[in-house]
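File shown: work.txt. Contents: compact mmCIF, C-alpha atoms and all ligand atoms.
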```
# COMPACT_ATOMS: atom_id res chain seq x y z
CA MET A 1 77.67 63.68 31.98
CA VAL A 2 76.53 63.96 35.59
CA GLN A 3 73.03 64.79 36.62
CA PHE A 4 72.81 68.44 37.63
CA THR A 5 72.05 68.87 41.36
CA ALA A 6 72.98 71.59 43.84
CA GLU A 7 75.68 69.26 45.20
CA SER A 8 77.16 68.27 41.84
CA HIS A 9 77.13 71.91 40.75
CA LEU A 10 79.14 73.04 43.81
CA LYS A 11 81.57 70.17 43.29
CA GLU A 12 82.15 71.27 39.69
CA ALA A 13 82.50 74.98 40.64
CA VAL A 14 85.17 74.10 43.22
CA LYS A 15 86.92 71.71 40.83
CA ARG A 16 87.41 74.53 38.34
CA LEU A 17 89.56 76.39 40.90
CA GLN A 18 92.10 73.58 41.12
CA ASN A 19 94.50 75.03 38.56
CA SER A 20 94.92 78.30 40.43
CA GLU A 21 98.62 79.04 40.86
CA ASN A 22 97.96 81.09 43.97
CA PRO A 23 97.15 78.68 46.84
CA ARG A 24 95.67 81.39 49.06
CA LEU A 25 93.42 82.62 46.24
CA LYS A 26 92.32 79.04 45.66
CA GLU A 27 91.51 78.63 49.36
CA VAL A 28 89.60 81.93 49.46
CA MET A 29 87.60 81.26 46.27
CA THR A 30 86.80 77.69 47.36
CA ALA A 31 85.39 79.00 50.66
CA PHE A 32 83.57 81.76 48.75
CA SER A 33 81.93 79.19 46.43
CA LYS A 34 80.93 76.89 49.30
CA HIS A 35 79.46 79.65 51.46
CA MET A 36 77.80 81.54 48.61
CA PHE A 37 76.16 78.35 47.34
CA ALA A 38 75.07 77.49 50.90
CA PHE A 39 73.64 81.00 51.28
CA ILE A 40 71.61 80.71 48.06
CA ASN A 41 70.48 77.19 48.94
CA GLU A 42 69.31 78.39 52.35
CA VAL A 43 67.58 81.57 51.16
CA GLN A 44 66.11 80.11 47.92
CA PRO A 45 65.70 83.60 46.45
CA SER A 46 63.16 84.35 43.75
CA GLU A 47 64.63 85.89 40.58
CA GLU A 48 63.12 89.23 41.62
CA GLU A 49 64.86 89.02 45.01
CA TRP A 50 68.13 88.13 43.33
CA MET A 51 67.89 91.24 41.12
CA THR A 52 67.12 93.35 44.22
CA GLY A 53 70.37 92.06 45.73
CA ILE A 54 72.32 92.78 42.54
CA GLN A 55 70.82 96.28 42.42
CA PHE A 56 71.82 96.87 46.08
CA LEU A 57 75.44 95.85 45.42
CA THR A 58 75.48 98.06 42.31
CA GLU A 59 74.25 101.03 44.34
CA LEU A 60 76.90 100.36 46.99
CA GLY A 61 79.58 100.82 44.36
CA GLN A 62 77.92 103.81 42.73
CA THR A 63 77.64 105.62 46.08
CA CYS A 64 81.42 105.51 46.59
CA ASN A 65 83.45 108.61 45.76
CA ASP A 66 86.62 110.36 46.97
CA VAL A 67 85.19 111.08 50.41
CA ARG A 68 82.66 108.27 50.84
CA GLN A 69 83.20 104.50 50.91
CA GLU A 70 79.82 102.80 51.06
CA TRP A 71 81.31 99.28 50.90
CA ILE A 72 83.28 99.90 54.10
CA LEU A 73 80.15 101.36 55.67
CA PHE A 74 78.30 98.16 54.69
CA SER A 75 81.05 96.07 56.30
CA ASP A 76 80.95 98.27 59.42
CA ALA A 77 77.17 98.36 59.79
CA PHE A 78 76.68 94.61 59.42
CA GLY A 79 79.43 93.63 61.82
CA VAL A 80 82.10 92.36 59.44
CA THR A 81 84.64 95.08 60.24
CA MET A 82 84.61 94.27 63.96
CA LEU A 83 84.97 90.55 63.16
CA MET A 84 87.97 91.42 60.97
CA ASP A 85 89.37 93.53 63.81
CA TYR A 86 88.91 90.66 66.26
CA ILE A 87 90.61 88.15 63.96
CA ASN A 88 93.59 90.41 63.32
CA HIS A 89 93.97 92.39 66.53
CA HIS A 90 92.41 90.64 69.51
CA LYS A 91 94.44 91.29 72.62
CA GLU A 92 95.45 89.36 75.67
CA GLN A 93 93.46 89.94 78.85
CA GLY A 94 94.62 93.19 80.46
CA SER A 95 95.81 94.90 77.27
CA THR A 96 93.80 97.78 75.83
CA GLU A 97 91.24 96.36 73.42
CA SER A 98 90.90 97.54 69.83
CA SER A 99 87.97 99.00 67.93
CA VAL A 100 87.28 100.18 64.39
CA LEU A 101 89.38 102.96 62.81
CA GLY A 102 86.31 104.48 61.16
CA PRO A 103 86.26 106.58 58.01
CA PHE A 104 87.18 109.97 59.53
CA TYR A 105 90.85 109.51 60.47
CA ARG A 106 93.28 112.07 59.01
CA GLU A 107 97.04 111.75 59.09
CA ARG A 108 99.36 114.54 60.22
CA ALA A 109 97.17 116.08 62.91
CA PRO A 110 98.63 119.11 64.72
CA VAL A 111 101.29 118.27 67.32
CA TYR A 112 100.37 119.44 70.82
CA GLU A 113 102.08 119.64 74.22
CA LYS A 114 100.81 117.80 77.28
CA GLY A 115 97.68 119.55 78.55
CA ASP A 116 96.87 121.45 75.33
CA SER A 117 93.34 121.51 73.92
CA ILE A 118 92.47 119.96 70.56
CA SER A 119 89.35 122.14 70.41
CA GLN A 120 90.24 125.17 68.32
CA ASP A 121 86.89 126.90 68.83
CA HIS A 122 86.18 125.72 72.41
CA VAL A 123 82.55 125.01 71.58
CA GLY A 124 81.29 122.34 73.97
CA GLU A 125 81.75 121.05 77.49
CA GLU A 126 85.39 121.25 78.61
CA THR A 127 86.90 117.83 79.24
CA LEU A 128 90.31 116.67 80.44
CA LEU A 129 91.52 113.22 79.37
CA ARG A 130 94.42 111.95 81.42
CA GLY A 131 96.25 108.75 82.21
CA ARG A 132 99.31 106.74 81.34
CA VAL A 133 100.54 104.52 78.57
CA THR A 134 102.17 101.38 79.99
CA ASP A 135 103.40 97.96 78.95
CA ARG A 136 101.68 94.82 80.20
CA SER A 137 103.74 94.81 83.40
CA GLY A 138 102.48 98.32 84.23
CA LYS A 139 105.76 100.01 83.39
CA PRO A 140 105.13 103.53 82.03
CA ILE A 141 106.18 104.15 78.43
CA VAL A 142 107.98 107.46 77.88
CA GLY A 143 107.40 109.16 74.52
CA ALA A 144 104.44 107.01 73.43
CA SER A 145 102.34 108.86 70.84
CA LEU A 146 98.58 109.33 71.02
CA ASP A 147 96.78 110.35 67.83
CA VAL A 148 93.30 111.49 68.83
CA TRP A 149 90.19 112.63 66.92
CA GLN A 150 86.51 113.11 67.59
CA THR A 151 83.31 114.90 66.57
CA ALA A 152 82.30 118.38 67.62
CA PRO A 153 79.23 118.77 69.87
CA ASN A 154 77.10 119.04 66.71
CA GLY A 155 77.93 115.40 65.94
CA MET A 156 80.14 116.22 62.96
CA TYR A 157 83.83 115.65 62.29
CA GLU A 158 85.54 118.78 61.01
CA VAL A 159 85.86 117.22 57.52
CA GLN A 160 82.05 117.08 57.32
CA ASP A 161 81.48 120.60 58.58
CA GLU A 162 82.71 123.76 56.84
CA ASN A 163 82.08 125.83 59.96
CA GLN A 164 84.82 124.10 61.95
CA PRO A 165 88.50 125.06 61.66
CA ASP A 166 90.73 122.66 59.72
CA PHE A 167 91.94 119.83 62.00
CA ASN A 168 89.59 120.92 64.79
CA LEU A 169 89.38 118.22 67.48
CA ARG A 170 92.38 116.29 66.15
CA GLY A 171 95.81 116.18 67.70
CA LEU A 172 99.03 114.28 68.32
CA PHE A 173 100.36 114.02 71.87
CA LYS A 174 103.29 112.30 73.52
CA THR A 175 103.59 110.83 77.01
CA ASP A 176 105.99 112.63 79.38
CA GLU A 177 108.90 111.24 81.40
CA ASN A 178 106.40 109.42 83.64
CA GLY A 179 104.49 107.89 80.74
CA GLU A 180 101.60 110.27 81.41
CA TYR A 181 99.40 112.13 78.93
CA GLU A 182 96.90 114.96 79.30
CA ILE A 183 94.56 116.07 76.53
CA ARG A 184 92.04 118.88 76.82
CA THR A 185 89.01 118.61 74.58
CA VAL A 186 85.21 118.93 74.63
CA LYS A 187 82.77 116.15 75.48
CA PRO A 188 81.88 114.09 72.37
CA VAL A 189 78.29 113.28 71.41
CA SER A 190 76.58 110.36 69.69
CA TYR A 191 76.10 110.74 65.92
CA PRO A 192 74.55 108.84 63.01
CA ILE A 193 76.70 107.10 60.39
CA PRO A 194 75.87 108.37 56.86
CA ASP A 195 72.37 106.97 56.35
CA ASP A 196 71.25 108.64 53.11
CA GLY A 197 72.62 105.85 50.87
CA PRO A 198 71.91 102.13 50.31
CA VAL A 199 73.39 101.10 53.70
CA GLY A 200 71.14 103.57 55.53
CA LYS A 201 68.12 102.33 53.58
CA LEU A 202 68.93 98.72 54.48
CA LEU A 203 69.42 99.61 58.16
CA GLY A 204 65.99 101.24 58.16
CA ALA A 205 64.45 98.25 56.38
CA VAL A 206 65.72 95.84 59.05
CA GLY A 207 64.53 98.13 61.85
CA ARG A 208 67.91 99.46 62.97
CA HIS A 209 68.97 103.01 63.85
CA PRO A 210 72.21 104.50 62.42
CA TYR A 211 73.63 105.95 65.67
CA ARG A 212 77.03 105.45 67.26
CA PRO A 213 77.45 106.13 70.98
CA ALA A 214 79.67 109.13 71.83
CA HIS A 215 83.35 108.21 71.56
CA ILE A 216 86.87 109.53 71.08
CA HIS A 217 89.20 107.77 68.65
CA PHE A 218 92.82 106.94 69.47
CA ILE A 219 95.82 105.42 67.77
CA VAL A 220 98.50 104.76 70.40
CA ASN A 221 102.02 103.91 69.29
CA ALA A 222 105.30 103.26 71.05
CA ALA A 223 108.67 101.86 70.00
CA GLY A 224 108.74 98.06 70.22
CA LYS A 225 105.01 97.82 70.97
CA LYS A 226 102.03 96.78 68.85
CA PRO A 227 100.10 99.92 67.85
CA ILE A 228 96.54 100.05 69.10
CA ILE A 229 93.59 101.53 67.18
CA THR A 230 90.72 102.05 69.56
CA GLN A 231 87.94 104.29 70.89
CA LEU A 232 86.82 105.36 74.36
CA PHE A 233 83.05 105.39 74.79
CA THR A 234 81.00 107.54 77.14
CA LYS A 235 79.45 105.67 80.06
CA GLY A 236 75.68 106.09 80.16
CA ASP A 237 75.29 106.80 76.42
CA GLU A 238 71.93 105.53 75.17
CA TYR A 239 73.51 103.78 72.17
CA LEU A 240 76.23 101.79 74.00
CA SER A 241 74.40 98.49 73.54
CA SER A 242 73.29 99.17 69.96
CA ASP A 243 76.29 100.91 68.32
CA ALA A 244 75.53 100.93 64.57
CA VAL A 245 79.01 99.50 63.86
CA PHE A 246 79.31 97.15 66.87
CA GLY A 247 82.47 98.94 68.10
CA VAL A 248 81.79 98.97 71.85
CA LYS A 249 83.70 96.73 74.27
CA ASP A 250 83.09 96.95 78.03
CA SER A 251 86.72 97.77 78.81
CA LEU A 252 86.55 100.84 76.53
CA VAL A 253 83.63 102.54 78.33
CA VAL A 254 84.83 105.48 80.46
CA ASP A 255 83.26 107.72 83.06
CA TYR A 256 83.08 111.50 82.50
CA VAL A 257 83.47 112.74 86.08
CA GLN A 258 82.11 116.25 86.68
CA LYS A 259 84.77 118.52 88.24
CA GLU A 260 84.69 122.27 88.98
CA ASP A 261 86.13 123.24 85.59
CA GLY A 262 84.56 120.53 83.44
CA TYR A 263 84.64 116.78 82.98
CA GLN A 264 87.60 114.54 83.69
CA VAL A 265 88.25 111.11 82.19
CA GLU A 266 91.03 108.81 83.38
CA TYR A 267 92.21 105.94 81.22
CA ASP A 268 95.46 103.99 81.03
CA PHE A 269 96.42 102.44 77.70
CA VAL A 270 98.23 99.10 77.97
CA LEU A 271 100.29 98.09 74.93
CA GLU A 272 101.57 94.63 74.04
CA ASP A 273 105.13 93.94 72.92
CA MET A 274 105.70 93.44 69.20
FE FE B 301 83.83 108.16 65.18
```
Would it be possible to restate this file's structure as structure tokens?
Ligand SMILES: [Fe+2]
Amino acid sequence: MVQFTAESHLKEAVKRLQNSENPRLKEVMTAFSKHMFAFINEVQPSEEEWMTGIQFLTELGQTCNDVRQEWILFSDAFGVTMLMDYINHHKEQGSTESSVLGPFYRERAPVYEKGDSISQDHVGEETLLRGRVTDRSGKPIVGASLDVWQTAPNGMYEVQDENQPDFNLRGLFKTDENGEYEIRTVKPVSYPIPDDGPVGKLLGAVGRHPYRPAHIHFIVNAAGKKPIITQLFTKGDEYLSSDAVFGVKDSLVVDYVQKEDGYQVEYDFVLEDM
């Protein structure tokens, strides 16, 4: 028998993973044990606090349904999703940087021609997005695809809002023979992440707001290139430095330049080779 201490207990918990036939699972569960024990040793929770934590995790699961994933929201709102994105997708200097996919992406958006508008109801301030898709040497990529989606000026994606047409403010575009794209849309606005569940309550309890700065989502793809999942954020937005999901990177902040017939945004996407 060994005397039970925090150290001997961790040692024993890790020892019991040794027979795992999956080496990666063993590595993951060993790290989990070490860090979870360290967390509890640091926090020294009371039993009441521990039950509050258990209750929170239970509510996270119970809030999930077909259209809502509270666990992902928890990961987003406390910075883990952007850390995951950095570990798996960080880019070389000069390539377009990535950001979170978010929960509102839909596959098979309508296919549009260069210059078409993704706004089906034209509610909002007219905006033209234009630029090129290139490789890292600046060579334009012909036929690159841009999958784009955003909120309406009421702050809601069309899936959240029965008053918007199906697939409003979503579209698939291709670059032309010069590697150029043009997308007409309306200016996006900042919006709150769903804050009526346990994640929203926790944000409030730690003194944080639930808002994301205005942004447009993109997935850019081209043959032989690494796909990029990213967002373009509106310069001057009040939430740029406190995005509820930590998605903002300086290189992804764009200027909405006022022209005679609306705003214009220029941005070139730079893709890395596979
Ligand atoms: Fe979004």
- Quick one: of A:Ala109, A:Val100, A:Val257, A:Ala205, who's nearest to ligand FE 301 (chain B), counting only C-alpha atoms and all ligand atoms? A:Val100
- Write out as a list in words each polymer residue (protein, DNA or RNA) that has an atom no more than 8 Å from ligand FE 301 (chain B), with only C-alpha atoms and all ligand atoms counted.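 Counting only C-alpha atoms and all ligand atoms, the residues within 8 Å of ligand FE 301 (chain B) come out as Leu101, Gly102, Pro103, Phe104, Trp149, Gln150, Thr151, Arg212, Ala214, His215, Ile216 and His217 of chain A.
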- Which is closest to Asp237 of chain A among A:Phe269, A:Met274, A:Ser251, A:Val189, if we use all atoms listed in the file?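 Once distances to Asp237 of chain A are computed over all atoms listed in the file, the minimum belongs to A:Val189.
Summary of the local environment: counting all atoms listed in the file, residues at most 7 Å from Glu125 of chain A, other than itself and those fewer than 2 positions away along its chain, are Thr127, Val186, Lys187 and Gly262 of chain A.
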- Message: Which residue is closest to Arg106 of chain A? Choose from A:Asn168, A:Gln62, A:Gln55, A:Gln44 and count only C-alpha atoms.
- Response: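 Looking only at the distances to Arg106 of chain A, the closest residue turns out to be A:Asn168.
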- Which of A:Leu17, A:Pro165, A:Glu177, A:Ser190 sits closest to Lys139 of chain A [using only C-alpha atoms]: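 So, comparing all the options, the nearest one is A:Glu177.
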- Note on the structure: For Gly143 of chain A, the closest of A:Ser8, A:Ser95, A:Ser119, A:Asn221 counting all atoms listed in the file is A:Asn221
- Please provide as a PyMOL selection string all residues within 12 Å of segment 227-231 of chain A, with the sequence filter that same-chain residues fewer than 5 positions apart are discarded (counting all atoms listed in the file). chain A and resi 82+85-86+88-91+95-102+105+133+135+144-150+188+212-222+246-254+267+269-274
- Could you tell me which of A:Asp195, A:Asp161, A:Asp261, A:Asp243 comes closest to Leu73 of chain A if we count only C-alpha atoms?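 When distances to Leu73 of chain A are compared using only C-alpha atoms, the smallest one comes from A:Asp195.
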- Do you know which residues are at most 12 Å from Lys201 of chain A counting only C-alpha atoms, after dropping those on the same chain fewer than 6 positions away, and could you put them as a list in words? Phe56, Glu59, Leu60, Glu70, Phe74, Ala77, Ile193, Pro194, Asp195, Gly207, Arg208, His209 and Pro210 of chain A
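Picture a line from atom CA of Met84 of chain A to atom CA of Gly200 of chain A; it runs 21.5 Å.
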- Hey, can you check how far atom CA of Leu128 of chain A sits from atom CA of Met156 of chain A?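 Atom CA of Met156 of chain A lies at a distance of 20.2 Å from atom CA of Leu128 of chain A.
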